[in-house]
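One structure is given here, and the rest of the page talks about it.
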Amino acid sequence: MSETRTGLRDITREAVRARIAAVAVERFDRDGFENVTVEQVAAEVGISARSFHRYFPAKEDAVIGDPARHRDALVGAFRRHVDGAPVWHALREAFAEMLGSGSEDDAETGRRSVRVMTSTPSLRARNLEKHQAWADALTPIAVEHLSGRDAGLRAQVLVQAALGCFDVAVTTWATGDDTDVVGILRRAFDVVEPAG
């Protein structure tokens, strides 16, 4: 019985987190990240600033989200795709799977999040930290599937190039008219596909 309650509590907590993040990101996108306070977001959601901080330790966290959740999903997808496929293709498919897993509501919040993130220096720095954590998790897996003397170097280059393609794709999607983020991502990967 307690497992069910915990599961429902977790679902409710995640729904509240998503609502707070959506309101925050919409305000940040409209008014500018630096111009909006936690108190303003909390009031709009109908909670206290203290409650906001129970869900998000810092204002930036409402935009960045949970880096570990995305990292774990990305690593899992990469592991599924890398067996029997070139590392570059597996990276492309892992990023495509991660991007394709959201709903339409998530997509609009995602577009706003990217616009806010690319226009705010502190968020760009936090995003780089997140991507480095992703690279730290993906690179050893890539090394396992490469051979030769420079396998470690090649793995690092492939993973960092994949992250670059991901960044260009989501920024293009967030600021342009093309709503097919996975299609944009695939085209970005095709531009720099390694020879051989």
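Every chain in the structure tokens takes a letter, A first, then B, and so on in the order presented; its residues are numbered from 1, and the ligands are numbered from 1 following the presented order.
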
Could you build a table of the residues in segment 35-107 of chain A lying no more than 12 Å from segment 11-16 of chain A, giving for each the nearest pair of atoms and their separation in Å rounded to one decimal place, using only C-alpha atoms, ordered by chain and ascending residue number, as a tab-separated table?
residue	atom	partner	partner_atom	distance
A:Ala42	CA	A:Val16	CA	11.6
A:Val45	CA	A:Val16	CA	9.4
A:Gly46	CA	A:Val16	CA	11.0
A:Ile47	CA	A:Val16	CA	10.3
A:Ser51	CA	A:Val16	CA	10.5
A:Phe52	CA	A:Val16	CA	9.8
A:Arg54	CA	A:Arg13	CA	10.4
A:Tyr55	CA	A:Val16	CA	8.3
A:Phe56	CA	A:Val16	CA	11.1
A:Ala62	CA	A:Val16	CA	11.7
A:Gly65	CA	A:Glu14	CA	11.4
A:Asp66	CA	A:Glu14	CA	11.3

Who sits within 7 Å of segment 89-103 of chain A, only C-alpha atoms, same chain under 4 positions skipped, as a PDB file with N, CA and C atoms, in the first residue's frame:
ATOM      1  N   ALA A  73      18.794   8.937 -19.366  1.00  0.00           N
ATOM      2  CA  ALA A  73      18.022   8.554 -20.554  1.00  0.00           C
ATOM      3  C   ALA A  73      18.919   8.503 -21.783  1.00  0.00           C
ATOM      4  N   LEU A  74      19.808   9.469 -21.911  1.00  0.00           N
ATOM      5  CA  LEU A  74      20.722   9.526 -23.054  1.00  0.00           C
ATOM      6  C   LEU A  74      21.687   8.351 -23.047  1.00  0.00           C
ATOM      7  N   ALA A  77      19.814   5.165 -23.994  1.00  0.00           N
ATOM      8  CA  ALA A  77      19.544   5.122 -25.436  1.00  0.00           C
ATOM      9  C   ALA A  77      20.824   4.835 -26.220  1.00  0.00           C
ATOM     10  N   PHE A  78      21.933   5.434 -25.829  1.00  0.00           N
ATOM     11  CA  PHE A  78      23.206   5.196 -26.514  1.00  0.00           C
ATOM     12  C   PHE A  78      23.610   3.733 -26.392  1.00  0.00           C
ATOM     13  N   HIS A  81      21.617   1.635 -28.814  1.00  0.00           N
ATOM     14  CA  HIS A  81      21.884   1.848 -30.243  1.00  0.00           C
ATOM     15  C   HIS A  81      23.308   1.506 -30.668  1.00  0.00           C
ATOM     16  N   VAL A  82      24.261   1.478 -29.739  1.00  0.00           N
ATOM     17  CA  VAL A  82      25.661   1.343 -30.134  1.00  0.00           C
ATOM     18  C   VAL A  82      26.042  -0.090 -30.502  1.00  0.00           C
ATOM     19  N   ALA A  85      26.227  -0.853 -34.410  1.00  0.00           N
ATOM     20  CA  ALA A  85      26.129   0.364 -35.220  1.00  0.00           C
ATOM     21  C   ALA A  85      27.382   1.207 -34.998  1.00  0.00           C
ATOM     22  N   ALA A 107       7.089  20.373 -25.769  1.00  0.00           N
ATOM     23  CA  ALA A 107       7.821  20.986 -26.878  1.00  0.00           C
ATOM     24  C   ALA A 107       7.808  22.508 -26.764  1.00  0.00           C
ATOM     25  N   ALA A 162      28.941  15.439 -31.334  1.00  0.00           N
ATOM     26  CA  ALA A 162      27.518  15.114 -31.196  1.00  0.00           C
ATOM     27  C   ALA A 162      26.813  16.154 -30.326  1.00  0.00           C
ATOM     28  N   VAL A 182      13.696  16.552 -34.257  1.00  0.00           N
ATOM     29  CA  VAL A 182      14.452  15.339 -34.574  1.00  0.00           C
ATOM     30  C   VAL A 182      14.977  15.416 -36.005  1.00  0.00           C
ATOM     31  N   LEU A 185      17.916  17.705 -35.988  1.00  0.00           N
ATOM     32  CA  LEU A 185      19.048  17.010 -35.376  1.00  0.00           C
ATOM     33  C   LEU A 185      19.711  16.067 -36.374  1.00  0.00           C
ATOM     34  N   ARG A 186      18.928  15.276 -37.081  1.00  0.00           N
ATOM     35  CA  ARG A 186      19.490  14.329 -38.051  1.00  0.00           C
ATOM     36  C   ARG A 186      20.259  15.073 -39.147  1.00  0.00           C
ATOM     37  N   PHE A 189      23.622  16.210 -37.749  1.00  0.00           N
ATOM     38  CA  PHE A 189      24.567  15.085 -37.668  1.00  0.00           C
ATOM     39  C   PHE A 189      25.088  14.731 -39.060  1.00  0.00           C
TER      40      PHE A 189
END

Q: Would you list the contacts of Ile141 of chain A as a list in words, taking every protein, DNA or RNA residue within 10 Å and counting only C-alpha atoms, but skipping same-chain residues closer than 5 positions in sequence?
A: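 Answer for this query is Val75, Phe78, Arg79, Val82, Val87, Asp136, Leu146 and Ala155 of chain A.
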
**Q.** Spatial neighbours of segment 114-117 of chain A, max dist 12 Å, only C-alpha atoms, sep filter under 2 positions, as a ChimeraX atom specification
**A.** /A:24-36,60-65,107-112,119-128,166-176

Go ahead and save the residues from that selection, with C-alpha atoms, as an mmCIF file, in the first residue's frame.
data_model
loop_
_atom_site.group_PDB
_atom_site.id
_atom_site.type_symbol
_atom_site.label_atom_id
_atom_site.label_comp_id
_atom_site.auth_asym_id
_atom_site.auth_seq_id
_atom_site.Cartn_x
_atom_site.Cartn_y
_atom_site.Cartn_z
ATOM 1 C CA ALA A 24 8.711 30.197 -14.884
ATOM 2 C CA VAL A 25 10.011 29.548 -18.387
ATOM 3 C CA GLU A 26 7.078 31.362 -19.975
ATOM 4 C CA ARG A 27 7.747 34.419 -17.771
ATOM 5 C CA PHE A 28 11.509 34.256 -18.370
ATOM 6 C CA ASP A 29 10.964 34.004 -22.139
ATOM 7 C CA ARG A 30 8.536 36.919 -22.157
ATOM 8 C CA ASP A 31 10.167 39.277 -19.629
ATOM 9 C CA GLY A 32 13.804 38.152 -19.470
ATOM 10 C CA PHE A 33 15.387 35.797 -16.968
ATOM 11 C CA GLU A 34 17.082 38.545 -14.947
ATOM 12 C CA ASN A 35 13.873 40.604 -14.768
ATOM 13 C CA VAL A 36 11.710 37.922 -13.145
ATOM 14 C CA GLU A 60 18.199 28.447 -12.975
ATOM 15 C CA ASP A 61 17.019 24.931 -12.103
ATOM 16 C CA ALA A 62 13.504 25.745 -13.339
ATOM 17 C CA VAL A 63 15.000 26.187 -16.819
ATOM 18 C CA ILE A 64 17.773 23.558 -16.831
ATOM 19 C CA GLY A 65 15.695 20.789 -15.254
ATOM 20 C CA ALA A 107 7.821 20.986 -26.878
ATOM 21 C CA GLU A 108 6.603 24.557 -26.376
ATOM 22 C CA THR A 109 8.130 24.737 -22.906
ATOM 23 C CA GLY A 110 11.302 23.220 -24.379
ATOM 24 C CA ARG A 111 11.480 25.862 -27.106
ATOM 25 C CA ARG A 112 11.040 28.610 -24.531
ATOM 26 C CA SER A 119 20.069 34.470 -23.899
ATOM 27 C CA THR A 120 21.269 34.164 -20.278
ATOM 28 C CA PRO A 121 24.986 33.789 -19.459
ATOM 29 C CA SER A 122 24.456 31.953 -16.144
ATOM 30 C CA LEU A 123 22.172 29.443 -17.864
ATOM 31 C CA ARG A 124 24.602 28.919 -20.728
ATOM 32 C CA ALA A 125 27.278 28.105 -18.138
ATOM 33 C CA ARG A 126 24.965 25.649 -16.348
ATOM 34 C CA ASN A 127 24.109 24.063 -19.697
ATOM 35 C CA LEU A 128 27.818 23.537 -20.412
ATOM 36 C CA PHE A 166 22.585 18.697 -30.507
ATOM 37 C CA ASP A 167 23.097 22.328 -29.443
ATOM 38 C CA VAL A 168 22.802 23.656 -32.992
ATOM 39 C CA ALA A 169 19.693 21.546 -33.625
ATOM 40 C CA VAL A 170 17.789 22.601 -30.499
ATOM 41 C CA THR A 171 18.742 26.269 -30.948
ATOM 42 C CA THR A 172 17.610 26.184 -34.585
ATOM 43 C CA TRP A 173 14.358 24.510 -33.526
ATOM 44 C CA ALA A 174 13.727 26.962 -30.673
ATOM 45 C CA THR A 175 14.320 30.088 -32.747
ATOM 46 C CA GLY A 176 13.036 29.076 -36.179
#

(Q) Using only C-alpha atoms for the distances, tell me which of A:Ala137, A:Asp106, A:His70, A:Ile184 is nearest to Arg19 of chain A. (A)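 Using only C-alpha atoms, the shortest distance to Arg19 of chain A belongs to A:Asp106.
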